[in-house]
Each structure stands twice: as structure tokens, then as C-alpha cells.
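Q: Structure supplied as input-v5.cif; contents: mmCIF, C-alpha atoms and all ligand atoms.
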```cif
data_work
loop_
_atom_site.label_atom_id
_atom_site.label_comp_id
_atom_site.auth_asym_id
_atom_site.auth_seq_id
_atom_site.Cartn_x
_atom_site.Cartn_y
_atom_site.Cartn_z
CA MET F 1 36.31 -41.23 42.64
CA LEU F 2 38.35 -43.83 44.49
CA THR F 3 38.42 -43.59 48.28
CA GLU F 4 41.18 -41.23 49.42
CA VAL F 5 43.60 -42.60 51.97
CA THR F 6 46.67 -40.87 53.38
CA ALA F 7 49.82 -42.96 53.68
CA THR F 8 51.06 -42.80 57.27
CA ARG F 9 53.96 -45.24 57.25
CA TYR F 10 56.27 -46.68 54.61
CA ILE F 11 56.70 -50.29 55.66
CA THR F 12 59.05 -51.88 53.13
CA PRO F 13 59.74 -52.17 49.42
CA LEU F 14 58.02 -55.21 47.87
CA ARG F 15 61.27 -56.17 46.11
CA GLU F 16 59.24 -57.58 43.25
CA GLY F 17 57.96 -55.77 40.24
CA GLY F 18 59.78 -53.50 37.84
CA SER F 19 58.21 -50.32 39.20
CA LEU F 20 59.45 -51.02 42.74
CA PRO F 21 56.08 -50.91 44.47
CA GLY F 22 56.20 -50.39 48.24
CA LEU F 23 54.10 -51.56 51.13
CA VAL F 24 52.53 -48.76 53.18
CA GLU F 25 50.04 -48.31 55.96
CA GLY F 26 47.17 -45.86 55.50
CA ASP F 27 45.35 -43.59 57.94
CA ASP F 28 42.48 -46.09 57.75
CA LEU F 29 44.95 -48.68 59.15
CA GLY F 30 44.77 -50.64 55.89
CA VAL F 31 47.94 -52.06 54.31
CA TYR F 32 48.42 -51.19 50.64
CA VAL F 33 50.75 -51.90 47.78
CA LEU F 34 51.83 -48.39 46.79
CA LYS F 35 52.29 -47.76 43.08
CA PHE F 36 54.24 -44.58 42.54
CA THR F 37 53.25 -41.74 40.28
CA GLY F 38 57.00 -41.04 39.93
CA ALA F 39 57.79 -44.56 38.59
CA GLY F 40 58.82 -45.29 34.97
CA GLN F 41 55.52 -44.96 33.10
CA GLY F 42 54.29 -42.27 35.49
CA ARG F 43 50.67 -41.43 35.97
CA LYS F 44 49.52 -43.18 32.78
CA ALA F 45 50.37 -46.55 34.33
CA LEU F 46 48.21 -45.60 37.31
CA VAL F 47 45.33 -44.52 35.06
CA ALA F 48 45.57 -47.91 33.34
CA GLU F 49 45.51 -49.66 36.74
CA VAL F 50 42.32 -47.84 37.68
CA VAL F 51 40.47 -48.23 34.38
CA ALA F 52 41.36 -51.90 33.85
CA GLY F 53 41.09 -52.81 37.54
CA GLU F 54 37.73 -51.14 38.14
CA LEU F 55 36.34 -52.49 34.86
CA ALA F 56 37.49 -56.01 35.79
CA ARG F 57 35.86 -55.69 39.21
CA ARG F 58 32.55 -54.67 37.65
CA LEU F 59 32.74 -57.62 35.25
CA GLY F 60 32.98 -59.96 38.22
CA PHE F 61 36.72 -60.59 38.47
CA ARG F 62 38.54 -60.59 41.80
CA VAL F 63 40.75 -57.49 41.97
CA PRO F 64 42.23 -56.05 45.20
CA ARG F 65 40.59 -52.85 46.42
CA LEU F 66 41.97 -49.68 44.79
CA VAL F 67 42.32 -46.34 46.62
CA THR F 68 44.27 -43.17 46.11
CA LEU F 69 47.19 -42.82 48.50
CA ASP F 70 48.31 -39.36 49.41
CA VAL F 71 52.06 -39.52 49.96
CA ASP F 72 54.27 -37.06 51.81
CA PRO F 73 57.85 -37.64 50.60
CA VAL F 74 59.16 -37.31 54.18
CA LEU F 75 57.78 -40.83 54.72
CA GLY F 76 60.87 -42.17 52.98
CA LEU F 77 63.46 -40.38 55.10
CA GLY F 78 64.31 -43.55 57.01
CA GLU F 79 64.44 -45.71 53.89
CA PRO F 80 68.06 -46.67 53.18
CA ASP F 81 67.61 -47.60 49.51
CA PRO F 82 68.40 -44.51 47.39
CA GLN F 83 66.12 -45.76 44.57
CA VAL F 84 63.16 -45.88 46.96
CA GLN F 85 64.11 -42.48 48.41
CA ALA F 86 64.12 -41.02 44.90
CA LEU F 87 60.73 -42.56 44.09
CA LEU F 88 59.17 -41.18 47.25
CA LYS F 89 60.70 -37.77 46.56
CA SER F 90 59.24 -37.63 43.05
CA SER F 91 55.84 -39.02 44.07
CA GLY F 92 54.45 -36.44 46.48
CA GLY F 93 50.65 -36.13 46.25
CA THR F 94 48.23 -38.63 44.73
CA ASN F 95 49.48 -42.19 44.16
CA LEU F 96 47.69 -45.52 43.77
CA GLY F 97 47.09 -47.95 46.60
CA MET F 98 46.07 -51.55 46.08
CA GLY F 99 44.79 -53.59 48.99
CA PHE F 100 47.58 -55.97 50.07
CA LEU F 101 46.58 -59.62 49.86
CA SER F 102 48.60 -60.91 52.78
CA GLY F 103 49.91 -64.41 52.21
CA ALA F 104 48.98 -64.50 48.51
CA LEU F 105 51.03 -66.85 46.36
CA GLY F 106 52.26 -66.15 42.87
CA PHE F 107 50.17 -68.10 40.36
CA ASP F 108 51.62 -71.48 39.44
CA PRO F 109 49.89 -73.20 36.51
CA LEU F 110 51.09 -76.60 37.74
CA ALA F 111 49.72 -76.16 41.26
CA PHE F 112 46.48 -74.19 40.91
CA PRO F 113 43.53 -75.40 38.86
CA VAL F 114 41.70 -72.93 36.60
CA SER F 115 38.62 -73.95 34.60
CA ALA F 116 38.39 -73.37 30.84
CA GLU F 117 35.54 -71.03 31.63
CA GLU F 118 37.52 -68.83 34.05
CA ALA F 119 40.61 -68.93 31.82
CA GLY F 120 38.41 -67.79 28.94
CA ARG F 121 37.04 -64.88 30.92
CA ILE F 122 40.49 -63.68 31.92
CA VAL F 123 41.98 -64.06 28.42
CA TRP F 124 38.97 -62.24 26.96
CA PHE F 125 39.37 -59.40 29.45
CA ASP F 126 43.12 -59.13 28.79
CA ALA F 127 42.41 -58.94 25.06
CA LEU F 128 39.88 -56.17 25.67
CA VAL F 129 42.38 -54.02 27.58
CA ASN F 130 45.43 -55.08 25.47
CA ASN F 131 47.19 -56.57 28.49
CA VAL F 132 50.66 -57.70 27.49
CA ASP F 133 51.60 -58.40 31.10
CA ARG F 134 49.95 -61.73 31.84
CA SER F 135 52.41 -64.13 30.28
CA TRP F 136 53.59 -67.39 31.82
CA ARG F 137 56.88 -65.59 32.55
CA ASN F 138 55.13 -62.86 34.52
CA PRO F 139 51.51 -63.88 35.17
CA ASN F 140 50.45 -61.03 37.49
CA LEU F 141 47.88 -63.42 38.90
CA LEU F 142 47.79 -64.17 42.59
CA TRP F 143 46.37 -67.20 44.34
CA TRP F 144 44.69 -66.06 47.55
CA ARG F 145 42.29 -68.01 49.76
CA GLY F 146 41.75 -70.62 47.07
CA GLU F 147 40.93 -68.22 44.24
CA VAL F 148 42.63 -66.35 41.41
CA TRP F 149 43.07 -62.56 41.78
CA LEU F 150 44.12 -60.16 39.05
CA VAL F 151 46.88 -57.60 39.74
CA ASP F 152 49.14 -55.24 37.81
CA HIS F 153 47.21 -53.60 35.00
CA GLY F 154 49.74 -50.78 34.56
CA ALA F 155 50.72 -51.93 31.07
CA THR F 156 47.16 -52.17 29.71
CA LEU F 157 45.48 -49.58 27.46
CA ILE F 158 48.69 -49.16 25.49
CA TRP F 159 46.76 -46.90 23.12
CA HIS F 160 46.61 -44.12 25.70
CA HIS F 161 50.28 -43.45 25.01
CA ASN F 162 49.34 -42.45 21.45
CA TRP F 163 45.91 -40.83 21.26
CA PRO F 164 45.80 -40.25 17.48
CA GLY F 165 45.96 -44.03 16.93
CA ALA F 166 43.70 -45.01 19.83
CA ASP F 167 40.51 -45.70 17.90
CA ALA F 168 42.33 -47.76 15.28
CA SER F 169 43.59 -50.04 18.02
CA ALA F 170 40.06 -51.36 18.50
CA ALA F 171 40.64 -53.85 15.71
CA ARG F 172 44.17 -54.81 16.69
CA PRO F 173 44.66 -58.55 17.30
CA TYR F 174 45.63 -59.89 20.72
CA ASP F 175 48.33 -62.51 20.91
CA ALA F 176 47.34 -64.98 23.65
CA ARG F 177 49.94 -67.61 22.81
CA ASP F 178 52.15 -66.64 25.76
CA HIS F 179 49.25 -66.00 28.13
CA ALA F 180 49.66 -67.59 31.56
CA LEU F 181 46.28 -69.31 31.14
CA ALA F 182 46.80 -70.53 27.57
CA PRO F 183 47.33 -74.12 28.84
CA PHE F 184 43.83 -74.20 30.35
CA ALA F 185 41.95 -74.22 27.01
CA PRO F 186 40.39 -70.79 27.57
CA ASP F 187 36.79 -70.67 26.34
CA VAL F 188 36.81 -67.10 25.03
CA ALA F 189 33.64 -67.53 22.99
CA ALA F 190 31.60 -68.26 26.12
CA ALA F 191 33.30 -65.37 27.92
CA ALA F 192 32.52 -62.99 25.08
CA ALA F 193 28.86 -64.00 25.10
CA THR F 194 28.42 -63.13 28.76
CA LEU F 195 30.91 -60.27 29.23
CA ALA F 196 30.77 -58.20 26.02
CA PRO F 197 27.14 -57.09 26.54
CA LEU F 198 28.08 -55.78 30.00
CA VAL F 199 30.64 -53.33 28.60
CA THR F 200 28.29 -50.40 27.99
CA GLU F 201 28.78 -46.66 27.75
CA ASP F 202 27.22 -46.28 31.21
CA LEU F 203 29.51 -48.85 32.79
CA LEU F 204 32.59 -47.25 31.21
CA ALA F 205 31.47 -43.81 32.41
CA GLU F 206 31.25 -45.22 35.92
CA VAL F 207 34.69 -46.81 35.60
CA THR F 208 36.46 -43.75 34.18
CA ALA F 209 34.84 -41.52 36.80
CA GLU F 210 37.07 -43.33 39.31
CA ILE F 211 40.27 -41.86 37.79
CA PRO F 212 41.57 -39.01 39.97
CA ASP F 213 41.61 -35.61 38.20
CA ALA F 214 45.24 -35.19 39.25
CA TRP F 215 46.31 -37.86 36.74
CA LEU F 216 44.28 -36.43 33.87
CA GLU F 217 45.03 -32.73 33.99
CA GLY F 218 47.25 -31.14 31.36
CA GLU F 219 47.17 -33.95 28.77
CA PRO F 220 47.98 -32.36 25.40
CA GLY F 221 44.93 -32.27 23.11
CA PHE F 222 42.34 -32.48 25.90
CA ASP F 223 40.65 -29.50 27.52
CA THR F 224 39.26 -31.15 30.63
CA PRO F 225 39.73 -34.33 32.68
CA ASP F 226 36.25 -35.44 31.59
CA ASP F 227 37.24 -35.20 27.91
CA LEU F 228 40.14 -37.51 28.67
CA ARG F 229 37.86 -39.86 30.63
CA ARG F 230 35.60 -40.17 27.57
CA ALA F 231 38.64 -40.82 25.38
CA HIS F 232 39.53 -43.77 27.63
CA ALA F 233 36.03 -45.22 27.34
CA ARG F 234 35.72 -45.01 23.56
CA PRO F 235 38.24 -47.64 22.40
CA LEU F 236 37.00 -50.10 25.04
CA LEU F 237 33.41 -49.68 23.92
CA ALA F 238 34.43 -50.14 20.29
CA ARG F 239 36.57 -53.18 21.05
CA ALA F 240 34.25 -55.14 23.36
CA ALA F 241 31.80 -56.60 20.83
CA ALA F 242 34.26 -58.32 18.51
CA VAL F 243 37.51 -58.64 20.41
CA HIS F 244 37.14 -62.42 20.76
CA GLU F 245 37.49 -62.71 17.00
CA HIS F 246 40.90 -61.07 17.20
CA ILE F 247 42.53 -63.35 19.77
CA ARG F 248 45.40 -65.46 18.51
CA HIS F 249 45.60 -68.76 20.40
CA VAL F 250 48.18 -71.44 20.98
CA GLN F 251 48.69 -73.51 17.87
CA GLU F 252 50.56 -76.73 17.31
CA GLY F 253 54.26 -76.04 17.00
CA ASP F 254 54.00 -72.45 18.15
CA ARG F 255 56.10 -73.00 21.23
N1 LIG F 301 47.68 -56.44 46.09
C1 LIG F 301 48.71 -57.26 46.25
N2 LIG F 301 48.76 -58.12 47.29
C2 LIG F 301 49.82 -58.95 47.45
N3 LIG F 301 50.88 -58.99 46.62
C3 LIG F 301 50.89 -58.16 45.57
C4 LIG F 301 49.81 -57.25 45.32
N4 LIG F 301 50.09 -56.53 44.22
C5 LIG F 301 51.28 -56.97 43.79
N5 LIG F 301 51.77 -57.95 44.59
C6 LIG F 301 53.05 -58.67 44.41
O1 LIG F 301 54.04 -57.76 44.00
C7 LIG F 301 54.51 -58.09 42.69
C8 LIG F 301 54.79 -56.80 41.94
O2 LIG F 301 53.59 -56.07 41.80
P1 LIG F 301 53.15 -55.53 40.38
O3 LIG F 301 53.21 -56.64 39.40
O4 LIG F 301 51.86 -54.84 40.53
O5 LIG F 301 54.32 -54.48 40.13
P2 LIG F 301 55.00 -53.97 38.80
O6 LIG F 301 56.13 -53.11 39.20
O7 LIG F 301 53.98 -53.38 37.92
O8 LIG F 301 55.54 -55.31 38.21
P3 LIG F 301 56.09 -55.74 36.78
O9 LIG F 301 57.50 -56.13 37.05
O10 LIG F 301 55.22 -56.91 36.47
O11 LIG F 301 55.91 -54.61 35.84
C9 LIG F 301 53.41 -58.96 42.10
O12 LIG F 301 53.88 -59.81 41.09
C10 LIG F 301 52.92 -59.70 43.31
O13 LIG F 301 53.78 -60.79 43.61
MG MG F 302 53.87 -57.31 37.81
#
```
Translate this structure into C-alpha cells?
Ligand SMILES: Nc1ncnc2c1ncn2[C@@H]1O[C@H](COP(=O)(O)OP(=O)(O)OP(=O)(O)O)[C@@H](O)[C@H]1O
Ligand SMILES: [Mg+2]

A:
Amino acid sequence: MLTEVTATRYITPLREGGSLPGLVEGDDLGVYVLKFTGAGQGRKALVAEVVAGELARRLGFRVPRLVTLDVDPVLGLGEPDPQVQALLKSSGGTNLGMGFLSGALGFDPLAFPVSAEEAGRIVWFDALVNNVDRSWRNPNLLWWRGEVWLVDHGATLIWHHNWPGADASAARPYDARDHALAPFAPDVAAAAATLAPLVTEDLLAEVTAEIPDAWLEGEPGFDTPDDLRRAHARPLLARAAAVHEHIRHVQEGDR
């Protein structure tokens, strides 16, 4: 399970990001980006953040620390924005906190160098988790202390919105033509050779164990949170070995 932190102060809305994440302080004095359980895609977006984020971390990517943030809606009483008030009101209980990278810059492909090797690893990972949210329009990559960090995995694992089709999605192609790192000649074959063997049943069990029960309970078709954890691991395990063969790259004249 992720470390449990209680939010003690709502600092400010981030003013970026469709789900209106906020900045909060925790009872451990850490500062976190708060992703609300009451936001658009609800708890499934938070499950995706945890599964993709914790998997990425274990594969060696830089991902901000993830914790659960217990939120008391009274925290928002002084917040003038009615949208934020409403989010806080509908998000009492367990939310997601992501360590705030203070001073991080949005990724700029013209300003920050990325090797073909690192680009390949990130594109391969995004293909594995079906990440449609790493385009050049909205890279969800941060540049912090001279390195690339991955954020915003709420739109990954699209198959968990439709469980009957989840296993079939293992063979679905990934379109990397709009990927933020497409210009860096991503070497996905090299990435697949080193990363795919690491995606084992044991590793995925460890990753899915991090999902809080509160976001898994009551899913139609599943008796227990652990059943649903296993269902999250299965498509990733099936997809890992061959996903690099299903990545569509930039081609002449495509743009
Ligand atoms: N851990 C972090 N540290 C610093 N800045 C962050 C962090 N997480 C997110 N941000 C900033 O806040 C923005 C919005 O966050 P994020 O992309 O996670 O939210 P979202 O609502 O899911 O966004 P989207 O509009 O992409 O769906 C990011 O693009 C980034 O600039
Ligand atoms: Mg984003």
C-alpha cells in the first residue's frame, strides 16, 4: 500500500491540467499535487496513476513519489473558486498525492536533450500502458534538476473502463506518431530487450498491491479488491513481450 498522508492545508489550485489538481500540504510536511477522486474520470484515473506510476518507477523511470492523501472537505472552505470547492466536497476520504517537483519546467523538445535510448524506453513504456497523454501538445513530462520525469498517468490503462475487452487490448497497436519524444528517434527495440523481461507476474503483483482498497471496492463483476488487482496485472503481462512490434512510428509525410 502507498504511504498514507493526511492533507492539512489546501495551498492553491495548480491552474494547469484538465482535472484541476491542487497543491496541498500533508501532515508529514510534504507538498503534494492532489489528484481528486471526485474529478472527471473518478477513482479509475487514480488507479491508473498508481499502476502506471509504480510500474514505471520499478522499471527505472523517474516518477514523483506517490502517496494516498486523506482529504477532509472542510479544507476547501476558504477556497473562493466554486469549481475547487465542489471538487473538495466530492472528494472526502482517500485521494492521490504526487510529490511536488518544485521549480520543474514543462518539457520542451527544443530545449532539453533526450537520447534515442531514453526516448525509446519512454515510448515503449507508454505503449505498454496505452498512454495517449504524452503527445507533443501535452507531453506530461517535466524537466527537473537536469532530468526527465514522468507525470500524469491518469489516462493510461484505457482497458480498465471496459473489462470484457481488456484481454483483447493486449494486441492493440500503439500510435506513437504524435508522441512528444517521436523526434528523438526512439530506440524501442533496445528498450523492449531490457524492459520487457522485467515485467513479471511478481512485479505486477507488487505494483497492484499499492492500489488502495477504497478505489477497488464495488467494481461490478469482481468479488474482492484482489480480484480486481489481478485483472489489472493480466493485460500488462500479456502485452509486455511483444508490444514493441505494435508501435506505429513517425513516417515520411505523416505530419
Ligand atoms: N509532481 C508534480 N510536480 C510539479 N508539477 C507538476 C506535478 N504534477 C503535475 N504538475 C504540473 O501540473 C500540470 C497538470 O498536472 P497533470 O497533468 O497531472 O493533471 P491533469 O489534470 O491530469 O492534466 P491533463 O490536462 O493533462 O489531463 C502538469 O502538466 C505539470 O505542469
Ligand atoms: Mg497532464

Q: As a quick test: using only C-alpha atoms and all ligand atoms, which residues lie no more than 8 Å away from ligand MG 302 (chain F)? Give them as a PDB file with C-alpha atoms, in the frame of the given file.

A:
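Full text of part15.pdb as output:
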```pdb
ATOM      1  CA  GLU F  16      59.240 -57.580  43.250  1.00  0.00           C
ATOM      2  CA  GLY F  17      57.960 -55.770  40.240  1.00  0.00           C
ATOM      3  CA  GLY F  18      59.780 -53.500  37.840  1.00  0.00           C
ATOM      4  CA  ASP F 133      51.600 -58.400  31.100  1.00  0.00           C
ATOM      5  CA  ASN F 138      55.130 -62.860  34.520  1.00  0.00           C
ATOM      6  CA  PRO F 139      51.510 -63.880  35.170  1.00  0.00           C
ATOM      7  CA  ASN F 140      50.450 -61.030  37.490  1.00  0.00           C
ATOM      8  CA  VAL F 151      46.880 -57.600  39.740  1.00  0.00           C
ATOM      9  CA  ASP F 152      49.140 -55.240  37.810  1.00  0.00           C
TER      10      ASP F 152
END
```

Q: Env of Leu228 (chain F): 12 Å cut, atoms = only C-alpha atoms, seq-sep filter 5 positions within chain, self excluded. Answer as a list in words.

A: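 The residues that qualify are Lys44, Val47, His160, Trp163, Ala205, Thr208, Ala209, Ile211, Pro212, Asp213, Ala214, Trp215, Leu216, Glu217, Gly218, Glu219, Pro220, Gly221, Phe222, Asp223, Ala233 and Arg234 of chain F.
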
Q: Okay, now the selection with C-alpha atoms, as a tab-separated table (two decimals), keeping the file's coordinate frame?

A:
```tsv
chain	number	residue	atom	x	y	z
F	44	LYS	CA	49.52	-43.18	32.78
F	47	VAL	CA	45.33	-44.52	35.06
F	160	HIS	CA	46.61	-44.12	25.70
F	163	TRP	CA	45.91	-40.83	21.26
F	205	ALA	CA	31.47	-43.81	32.41
F	208	THR	CA	36.46	-43.75	34.18
F	209	ALA	CA	34.84	-41.52	36.80
F	211	ILE	CA	40.27	-41.86	37.79
F	212	PRO	CA	41.57	-39.01	39.97
F	213	ASP	CA	41.61	-35.61	38.20
F	214	ALA	CA	45.24	-35.19	39.25
F	215	TRP	CA	46.31	-37.86	36.74
F	216	LEU	CA	44.28	-36.43	33.87
F	217	GLU	CA	45.03	-32.73	33.99
F	218	GLY	CA	47.25	-31.14	31.36
F	219	GLU	CA	47.17	-33.95	28.77
F	220	PRO	CA	47.98	-32.36	25.40
F	221	GLY	CA	44.93	-32.27	23.11
F	222	PHE	CA	42.34	-32.48	25.90
F	223	ASP	CA	40.65	-29.50	27.52
F	233	ALA	CA	36.03	-45.22	27.34
F	234	ARG	CA	35.72	-45.01	23.56
```

Q: Looking at F:Thr68, F:Thr194, F:Thr200, F:Ser135, which one is nearest to ligand LIG 301 (chain F), with distances taken over all atoms listed in the file?

A: F:Ser135

Q: Hey, what's within 10 Å of Leu203 (chain F) if we count all atoms listed in the file and toss same-chain stuff fewer than 4 positions away? As a ChimeraX atom specification, please?

A: /F:55,58-59,198-199,207-209,233,237

Q: In Å, with one decimal, what is the gap from CA of Thr94 (chain F) to CA of Tyr32 (chain F)?

A: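 That distance, rounded to one decimal, is 13.9 Å.
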
Q: Just how far from CA of Leu195 (chain F) is CA of Phe61 (chain F), in Å to one decimal?

A: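 Value for the CA of Phe61 (chain F)-CA of Leu195 (chain F) distance: 10.9 Å.
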
Q: When distances are computed from only C-alpha atoms, which of F:Glu147, F:Leu204, F:Val243, F:Ala231 shows the smallest separation from Glu54 (chain F)?

A: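 Comparing F:Glu147, F:Leu204, F:Val243, F:Ala231 against Glu54 (chain F), the winner is F:Leu204.
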
Q: Any residue with an atom at most 10 Å from ligand LIG 301 (chain F) counts, using only C-alpha atoms and all ligand atoms. Which are they? Put them as a ChimeraX atom specification.

A: /F:13-23,31-36,39-41,45-46,49,63-66,97-107,133-135,137-144,149-155

Q: May I ask which of the residues F:Gly60, F:Ala7, F:Ala168, F:Asp126 is the closest one to Gly76 (chain F), counting all atoms listed in the file?

A: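 Among the listed residues, F:Ala7 lies closest to Gly76 (chain F).
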
Q: What's around Thr156 (chain F) at 7 Å? Count only C-alpha atoms, leave out sequence neighbours fewer than 6 positions away in its own chain, and write the answer as a PyMOL selection string.

A: chain F and resi 48+129-132

Q: How many Å lie between CA of Val84 (chain F) and CA of Val71 (chain F), rounded to one decimal?

A: 13.1 Å

Q: Output region 48-74 of chain F as a tab-separated table (two decimals), in the coordinates of the input, making sure N, CA and C atoms are there.

A:
```
chain	number	residue	atom	x	y	z
F	48	ALA	N	45.86	-46.57	33.89
F	48	ALA	CA	45.57	-47.91	33.34
F	48	ALA	C	45.17	-48.87	34.46
F	49	GLU	N	45.86	-48.80	35.60
F	49	GLU	CA	45.51	-49.66	36.74
F	49	GLU	C	44.06	-49.42	37.16
F	50	VAL	N	43.67	-48.17	37.20
F	50	VAL	CA	42.32	-47.84	37.68
F	50	VAL	C	41.27	-48.26	36.66
F	51	VAL	N	41.48	-47.92	35.39
F	51	VAL	CA	40.47	-48.23	34.38
F	51	VAL	C	40.32	-49.75	34.23
F	52	ALA	N	41.44	-50.45	34.05
F	52	ALA	CA	41.36	-51.90	33.85
F	52	ALA	C	40.89	-52.59	35.14
F	53	GLY	N	41.44	-52.16	36.27
F	53	GLY	CA	41.09	-52.81	37.54
F	53	GLY	C	39.62	-52.62	37.90
F	54	GLU	N	39.13	-51.40	37.77
F	54	GLU	CA	37.73	-51.14	38.14
F	54	GLU	C	36.76	-51.73	37.12
F	55	LEU	N	37.18	-51.82	35.86
F	55	LEU	CA	36.34	-52.49	34.86
F	55	LEU	C	36.28	-53.99	35.19
F	56	ALA	N	37.45	-54.57	35.46
F	56	ALA	CA	37.49	-56.01	35.79
F	56	ALA	C	36.59	-56.30	36.99
F	57	ARG	N	36.67	-55.47	38.01
F	57	ARG	CA	35.86	-55.69	39.21
F	57	ARG	C	34.36	-55.70	38.85
F	58	ARG	N	33.97	-54.76	38.00
F	58	ARG	CA	32.55	-54.67	37.65
F	58	ARG	C	32.11	-55.81	36.72
F	59	LEU	N	33.08	-56.47	36.08
F	59	LEU	CA	32.74	-57.62	35.25
F	59	LEU	C	32.77	-58.92	36.06
F	60	GLY	N	33.05	-58.79	37.35
F	60	GLY	CA	32.98	-59.96	38.22
F	60	GLY	C	34.30	-60.62	38.54
F	61	PHE	N	35.42	-60.01	38.14
F	61	PHE	CA	36.72	-60.59	38.47
F	61	PHE	C	37.13	-60.18	39.89
F	62	ARG	N	38.00	-60.97	40.49
F	62	ARG	CA	38.54	-60.59	41.80
F	62	ARG	C	39.78	-59.72	41.59
F	63	VAL	N	39.68	-58.48	42.08
F	63	VAL	CA	40.75	-57.49	41.97
F	63	VAL	C	40.89	-56.86	43.36
F	64	PRO	N	42.11	-56.69	43.88
F	64	PRO	CA	42.23	-56.05	45.20
F	64	PRO	C	41.64	-54.63	45.16
F	65	ARG	N	41.19	-54.18	46.32
F	65	ARG	CA	40.59	-52.85	46.42
F	65	ARG	C	41.59	-51.78	45.96
F	66	LEU	N	41.11	-50.78	45.23
F	66	LEU	CA	41.97	-49.68	44.79
F	66	LEU	C	41.56	-48.40	45.50
F	67	VAL	N	42.56	-47.64	45.97
F	67	VAL	CA	42.32	-46.34	46.62
F	67	VAL	C	43.37	-45.37	46.10
F	68	THR	N	43.15	-44.08	46.34
F	68	THR	CA	44.27	-43.17	46.11
F	68	THR	C	45.03	-43.04	47.43
F	69	LEU	N	46.34	-42.95	47.31
F	69	LEU	CA	47.19	-42.82	48.50
F	69	LEU	C	47.91	-41.49	48.42
F	70	ASP	N	47.60	-40.63	49.37
F	70	ASP	CA	48.31	-39.36	49.41
F	70	ASP	C	49.64	-39.58	50.13
F	71	VAL	N	50.72	-39.24	49.43
F	71	VAL	CA	52.06	-39.52	49.96
F	71	VAL	C	52.82	-38.23	50.24
F	72	ASP	N	53.35	-38.13	51.45
F	72	ASP	CA	54.27	-37.06	51.81
F	72	ASP	C	55.69	-37.63	51.70
F	73	PRO	N	56.52	-37.05	50.82
F	73	PRO	CA	57.85	-37.64	50.60
F	73	PRO	C	58.68	-37.82	51.87
F	74	VAL	N	58.36	-37.12	52.95
F	74	VAL	CA	59.16	-37.31	54.18
F	74	VAL	C	59.01	-38.74	54.72
```
